[in-house]
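For reference, the structure discussed in these notes is given below.
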Amino acid sequence: MIHLIDSRLHHAVLDAFEATFGKRPKDQQIQIQTTRPEFEGDRTLVVFPLAGMAGAPPHVAAEQLGQVLQERCDWIDGFGVVKGFLNLSLTDACWNEALADALRTPHWGAATPGSRPKVMVEYSSPNTNKPLHLGHLRNIFLGYSVSRILKAAGHDVVKVQIINDRGIHICKSMVAWKAFGQGETPTSTGEKGDKLVGRYYVAFDKALKADIAEGMARGLDAKEAEAASPIMQEAREMLQKWENGDEDVVALWKTMNGWVYDGFDETYKAMGVDFDKLYYESDTYLLGKSQVEEGLKRGVFFQKEDGSIWVDLTEDGLDEKLLLRADGTAVYMTQDIGTAILRFADFDNLDRQVYTVGNEQEYHFKVLFLVLKRLGFAQAESNHHLSYGMVELPEGKMKSREGTVVDADDLMKVMRDTARSISNDLGKVEGFSEAEKDDLAQMVGHGALKYFLLKVAPAKSMMFDPKSSIDFFGNTAPFIQFNVVRCKSILRTTGTQADALSWSEMTALDDSERQLATGVLSFPAVVQEAAEQYDPSLVANHCYDLIKSFSSFYQDHPIAKETNEDIRSMRLALSALVSTTVSHGMAMLGIDMPERM
RNA sequence: GGCCUUGUAGCUCAACUGGAUAGAGCACCUCACUACGGAUGAGGAGGUUUGGGGUUCGAAUCCCUACAGGGUCACCA
């Protein structure tokens, strides 16, 4: 779908068909696509779906339609028929008009803000017992990017995160810190808070393993040995104290979580992402409990003899699912019910919530949405689980206990350092201040990383080979950035004001110029599609295709040096459009474009 | 075992949701070259789209089936 032209063409085809064959096709039957380069023409109408209604073989109907369209539309100056494909050539005036319109449009690619309903996007959902890793990076970049795409598509967007700050796993690092920490703090060690706490989580695991080994040596099986482990018992006791509001435990919990939040903030800042509002499970699980009990009273849920509360989803093809334990304590689902309801209460007119969570939780979200619906939240129908595949390493899944995690901070640093040394080697940063070099290394290095993670369709699991995955050449952010910089450089040196450019309507566009125009003009439709599919990879790949065309165009088309004034203006306009289109697209991926590199 | 999901060039990914001769990048081999910024461009080679059936004007895409990976079916989160 290219802006202005295709909608115009769509209607022209409907009218021409009706005039020729006496019937009006449905919108669905009109398929317009870009003409393949090996054929003459710009836009192609696929006539096969219309042949039946026309009562003629596809190539005959195509021929007739072509004739009529050419007669009726002064902006179509030729056509060709290949089998059931009608290839239409558009006039230069038609292209120039569409380009001029795009040039006048502010925020090219974005729909009117607020023209679509308000949506909430959740991403990140970290635990407060360990640092962020590569999997979180995919999650966070994906959620952040989707929120920007939704915004560009005209939605109001609220970005939130849920923080998993309670439960036995949190107590583990607290117990270990008390046992082995000797009062260490991030200030005393100079360590990032999340890293410090994570270290004690690992220490707990190590101590637990030792206890289990010792227990098994006494003849217990693995489960019994874990139950008998002294350090495990401590953790359980601490959880009980926490739930009972024990002052010391709560104080320690606040302190250690505070360290982690400081660490996370640093990482989020480096990533270039932010949130509008934070939710904590410690704040929402009680609401979840009361909602479940309420649901039980209303007969939506049922209770077993032991007192546990369940929902029966067999009608929906699922199983019975536990919502509250017999002892009245909350499970994962309880919390999520509470969180969801709280959010609907916090933001009235919220059309839906989008949860960016790994695909291993698909079943969980199916259940959650059904439960919400039964509780009477109609919005839950349009809720969406933005599910994404695992990031796999060559040696398999990441496992924190086996030390095969790729740490988020470390990876970002490697990316910055690599970008920096490449810039240095190429002699690109002479005359840059240290601060400018840092900025550039961050834009390029982090850009490469974000692009790498976002160019793959979310549903797919992806391979990350630390040794060779991340590249700075080819289909990468640095390649895109480089070409945008080149583009900007031309506009800068010519002093071009894009909105002041004018050239003749009759200026002829050659094949590569039309290709650029097509890429620019189809961008708004790509953004809409990406929003509907929650898929940033569509935007990423579109930006790459467009900039690649530009790079090729640049090679053998003079722009600033062109002597024909009309052609020069048209090429400058195209360059400006490519530059802003790609910059907008990349911004939707959270990737910045430098001025020089 | 039930359900979900994936399988495309040596590797990492596309393919406008059923359209024309399945496209890119990396790696490999040619060629262009003091370029309006070479972090470049042009070309070559590389495919029975996991196998087998089916649906139709037309299938990587839809259906059936077999095979292979991943996930899930927790009073973990």
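Note on naming: chains are A, B, ... as they come in the structure tokens, residues start from 1 per chain, ligands start from 1 in the order shown.
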
Exercise for review: For Phe464 (chain A), list every protein, DNA or RNA residue within 8 Å, evaluated using only C-alpha atoms (C1' of nucleotides), and leave out those in the same chain fewer than 5 positions away; present the list as a ChimeraX atom specification.
Suggested key: /A:391-394,469

With all heavy atoms retained, could you export that selection as a PDB file, in the first residue's frame?
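The result, written out as selection.pdb:
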```pdb
ATOM      1  N   VAL A 391      16.039 -16.433  23.321  1.00  0.00           N
ATOM      2  CA  VAL A 391      17.339 -16.182  22.697  1.00  0.00           C
ATOM      3  C   VAL A 391      18.235 -17.347  23.085  1.00  0.00           C
ATOM      4  O   VAL A 391      18.479 -17.576  24.262  1.00  0.00           O
ATOM      5  CB  VAL A 391      17.962 -14.867  23.196  1.00  0.00           C
ATOM      6  CG1 VAL A 391      19.269 -14.602  22.480  1.00  0.00           C
ATOM      7  CG2 VAL A 391      17.010 -13.717  22.980  1.00  0.00           C
ATOM      8  N   GLU A 392      18.656 -18.089  22.093  1.00  0.00           N
ATOM      9  CA  GLU A 392      19.476 -19.266  22.391  1.00  0.00           C
ATOM     10  C   GLU A 392      20.950 -19.000  22.120  1.00  0.00           C
ATOM     11  O   GLU A 392      21.299 -18.239  21.231  1.00  0.00           O
ATOM     12  CB  GLU A 392      19.010 -20.454  21.536  1.00  0.00           C
ATOM     13  CG  GLU A 392      17.758 -21.095  22.089  1.00  0.00           C
ATOM     14  CD  GLU A 392      17.007 -21.892  21.044  1.00  0.00           C
ATOM     15  OE1 GLU A 392      17.642 -22.303  20.061  1.00  0.00           O
ATOM     16  OE2 GLU A 392      15.797 -22.081  21.206  1.00  0.00           O
ATOM     17  N   LEU A 393      21.761 -19.643  22.908  1.00  0.00           N
ATOM     18  CA  LEU A 393      23.203 -19.551  22.700  1.00  0.00           C
ATOM     19  C   LEU A 393      23.650 -20.835  22.011  1.00  0.00           C
ATOM     20  O   LEU A 393      22.948 -21.842  22.047  1.00  0.00           O
ATOM     21  CB  LEU A 393      23.904 -19.415  24.051  1.00  0.00           C
ATOM     22  CG  LEU A 393      23.500 -18.185  24.861  1.00  0.00           C
ATOM     23  CD1 LEU A 393      24.164 -18.208  26.230  1.00  0.00           C
ATOM     24  CD2 LEU A 393      23.865 -16.920  24.115  1.00  0.00           C
ATOM     25  N   PRO A 394      24.816 -20.795  21.379  1.00  0.00           N
ATOM     26  CA  PRO A 394      25.292 -21.994  20.678  1.00  0.00           C
ATOM     27  C   PRO A 394      25.300 -23.215  21.593  1.00  0.00           C
ATOM     28  O   PRO A 394      25.048 -24.338  21.154  1.00  0.00           O
ATOM     29  CB  PRO A 394      26.710 -21.620  20.268  1.00  0.00           C
ATOM     30  CG  PRO A 394      26.717 -20.145  20.201  1.00  0.00           C
ATOM     31  CD  PRO A 394      25.744 -19.665  21.236  1.00  0.00           C
ATOM     32  N   SER A 469      27.686 -13.126  16.233  1.00  0.00           N
ATOM     33  CA  SER A 469      26.347 -12.648  15.926  1.00  0.00           C
ATOM     34  C   SER A 469      26.290 -11.179  15.575  1.00  0.00           C
ATOM     35  O   SER A 469      25.742 -10.777  14.575  1.00  0.00           O
ATOM     36  CB  SER A 469      25.407 -12.902  17.096  1.00  0.00           C
ATOM     37  OG  SER A 469      24.796 -14.151  16.936  1.00  0.00           O
TER      38      SER A 469
END
```

Point to revise | All alpha helix (DSSP H) positions in region 363-499 of chain A, as a PyMOL selection string | key: chain A and resi 363-374+408-425+434-454+477-493

Could you give me, as a Markdown table, a per-residue list for chain A showing, wherever an atom lies at most 7 Å from an atom of chain B, the closest pair of atoms and their distance in Å to one decimal, using only C-alpha atoms (C1' of nucleotides) and sorting by chain then residue number from low to high?
```
| residue | atom | partner | partner_atom | distance |
| --- | --- | --- | --- | --- |
| A:Arg325 | CA | B:C75 | C1' | 5.6 |
| A:Tyr332 | CA | B:A77 | C1' | 6.2 |
| A:Glu360 | CA | B:G71 | C1' | 5.4 |
| A:Tyr363 | CA | B:U72 | C1' | 6.8 |
| A:Val456 | CA | B:C13 | C1' | 6.9 |
| A:Phe473 | CA | B:A39 | C1' | 6.9 |
| A:Gly474 | CA | B:G25 | C1' | 5.1 |
| A:Asn475 | CA | B:G25 | C1' | 5.2 |
| A:Phe479 | CA | B:A39 | C1' | 6.6 |
| A:Phe482 | CA | B:A39 | C1' | 6.5 |
| A:Arg486 | CA | B:G37 | C1' | 5.9 |
| A:Ile490 | CA | B:C36 | C1' | 6.2 |
| A:Ser552 | CA | B:G41 | C1' | 6.3 |
| A:Gln555 | CA | B:G41 | C1' | 6.1 |
| A:Pro558 | CA | B:C36 | C1' | 6.7 |
| A:Ile559 | CA | B:C36 | C1' | 6.3 |
| A:Ala560 | CA | B:C36 | C1' | 5.3 |
| A:Lys561 | CA | B:C36 | C1' | 6.0 |
```

Review point. What are the DSSP strand (DSSP E) residues of region 45-98 of chain A, as a PyMOL selection string?
Key: chain A and resi 45-46+76-82+85-90

Exercise for review: State, in Å with one decimal place, the distance from CA of Gly263 (chain A) to CA of Leu589 (chain A).
Suggested key: 23.6 Å

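You will find C1' of G69 (chain B) at 19.8 Å from C1' of A9 (chain B).
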
Check your understanding: Using only C-alpha atoms, which of A:Phe432, A:Trp95, A:Tyr144, A:Phe523 sits nearest Ile591 (chain A)?
Key -> A:Tyr144

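Proximity of A:Asp319, A:Leu426, A:Ala326, A:Leu386 to Leu370 (chain A), computed with only C-alpha atoms, is greatest for A:Asp319.
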
Review point. Do you know which residues are at most 12 Å from A15 (chain B) counting only C-alpha atoms (C1' of nucleotides), after dropping those on the same chain fewer than 4 positions away, and could you put them as a ChimeraX atom specification?
Key: /A:538,541 /B:8,19,22-24,49,60-61

Check your understanding: Quick one: distance from CA of Arg420 (chain A) to CA of Ala441 (chain A) in Å, one decimal?
Key ->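 Going from CA of Arg420 (chain A) over to CA of Ala441 (chain A), I get 5.0 Å.
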
Point to revise | Non-local contacts of region 169-175 of chain A (8 Å; only C-alpha atoms (C1' of nucleotides); under 4 positions in same chain excluded) as a list in words | key: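 After dropping sequence-adjacent residues, the list is Asn127, Thr128, Asn129, Asp165, Ala179, Val197, Gly198, Tyr200, Tyr201, Val202, Ala203, Phe204, Ile231, Met232, Glu234, Ala235, Arg236, Met238, Leu239, Leu252, Trp253 and Met256 of chain A.
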
Restricting the output to N, CA, C and O atoms, write the selected residues as a CSV table (one decimal), in the first residue's frame.
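And here is the file that came out, part12.csv:
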```
chain,number,residue,atom,x,y,z
A,127,ASN,N,12.9,-9.9,38.1
A,127,ASN,CA,12.9,-10.3,39.5
A,127,ASN,C,14.0,-9.5,40.2
A,127,ASN,O,14.9,-9.1,39.6
A,128,THR,N,13.7,-9.2,41.5
A,128,THR,CA,14.7,-8.4,42.2
A,128,THR,C,15.8,-9.2,42.8
A,128,THR,O,16.4,-8.7,43.8
A,129,ASN,N,16.1,-10.3,42.3
A,129,ASN,CA,17.2,-11.1,42.9
A,129,ASN,C,18.3,-11.4,42.0
A,129,ASN,O,19.3,-12.0,42.3
A,165,ASP,N,8.7,-8.6,43.2
A,165,ASP,CA,9.6,-8.2,44.3
A,165,ASP,C,9.3,-9.0,45.6
A,165,ASP,O,9.7,-8.7,46.7
A,179,ALA,N,23.9,-14.1,56.0
A,179,ALA,CA,24.8,-15.2,56.4
A,179,ALA,C,26.3,-14.8,56.1
A,179,ALA,O,27.2,-15.0,56.9
A,197,VAL,N,23.4,-8.1,44.8
A,197,VAL,CA,22.3,-8.9,45.3
A,197,VAL,C,22.3,-10.3,44.5
A,197,VAL,O,22.2,-11.3,45.1
A,198,GLY,N,22.6,-10.2,43.2
A,198,GLY,CA,22.6,-11.4,42.4
A,198,GLY,C,23.7,-12.3,42.9
A,198,GLY,O,23.5,-13.6,42.8
A,200,TYR,N,24.6,-12.8,45.9
A,200,TYR,CA,24.2,-13.5,47.0
A,200,TYR,C,23.1,-14.6,46.7
A,200,TYR,O,23.0,-15.6,47.4
A,201,TYR,N,22.4,-14.3,45.6
A,201,TYR,CA,21.4,-15.3,45.2
A,201,TYR,C,22.2,-16.6,44.7
A,201,TYR,O,21.8,-17.7,45.1
A,202,VAL,N,23.3,-16.4,44.1
A,202,VAL,CA,24.1,-17.5,43.6
A,202,VAL,C,24.8,-18.2,44.9
A,202,VAL,O,24.8,-19.4,44.9
A,203,ALA,N,25.2,-17.3,45.8
A,203,ALA,CA,25.8,-17.9,47.0
A,203,ALA,C,24.8,-18.8,47.8
A,203,ALA,O,25.1,-19.8,48.3
A,204,PHE,N,23.5,-18.3,47.8
A,204,PHE,CA,22.5,-19.2,48.4
A,204,PHE,C,22.4,-20.5,47.7
A,204,PHE,O,22.3,-21.6,48.4
A,231,ILE,N,19.6,-23.8,55.4
A,231,ILE,CA,19.5,-22.5,54.8
A,231,ILE,C,18.2,-22.3,54.1
A,231,ILE,O,17.6,-21.3,54.0
A,232,MET,N,17.7,-23.5,53.6
A,232,MET,CA,16.3,-23.4,52.9
A,232,MET,C,15.3,-23.1,54.0
A,232,MET,O,14.3,-22.4,53.8
A,234,GLU,N,15.7,-21.5,56.7
A,234,GLU,CA,15.8,-20.0,57.0
A,234,GLU,C,15.0,-19.2,56.0
A,234,GLU,O,14.4,-18.2,56.4
A,235,ALA,N,15.2,-19.5,54.7
A,235,ALA,CA,14.5,-18.8,53.7
A,235,ALA,C,13.0,-18.8,53.9
A,235,ALA,O,12.3,-17.8,53.8
A,236,ARG,N,12.5,-20.0,54.2
A,236,ARG,CA,11.1,-20.2,54.4
A,236,ARG,C,10.6,-19.4,55.6
A,236,ARG,O,9.5,-18.8,55.6
A,238,MET,N,11.9,-16.8,56.7
A,238,MET,CA,12.0,-15.4,56.4
A,238,MET,C,10.8,-14.9,55.6
A,238,MET,O,10.2,-13.8,55.8
A,239,LEU,N,10.3,-15.8,54.7
A,239,LEU,CA,9.2,-15.5,53.9
A,239,LEU,C,7.9,-15.3,54.8
A,239,LEU,O,7.2,-14.4,54.6
A,252,LEU,N,15.1,-4.9,55.8
A,252,LEU,CA,16.2,-5.5,54.9
A,252,LEU,C,15.7,-5.7,53.5
A,252,LEU,O,16.4,-5.4,52.5
A,253,TRP,N,14.4,-6.1,53.4
A,253,TRP,CA,13.9,-6.3,52.0
A,253,TRP,C,13.8,-5.0,51.3
A,253,TRP,O,14.2,-4.9,50.1
A,256,MET,N,17.6,-4.0,50.3
A,256,MET,CA,18.2,-4.8,49.3
A,256,MET,C,17.5,-4.5,47.9
A,256,MET,O,18.1,-4.4,46.9
```

Exercise for review: Extract, using only C-alpha atoms (C1' of nucleotides), all DNA, RNA and protein residues at most 10 Å from Ala270 (chain A), discarding same-chain residues fewer than 2 positions from it, and format them as a list of chain:residue names.
Suggested key: A:Phe264, A:Asp265, A:Glu266, A:Thr267, A:Tyr268, A:Gly272, A:Val273, A:Asp409, A:Met412, A:Lys413, A:Gln442, A:His446
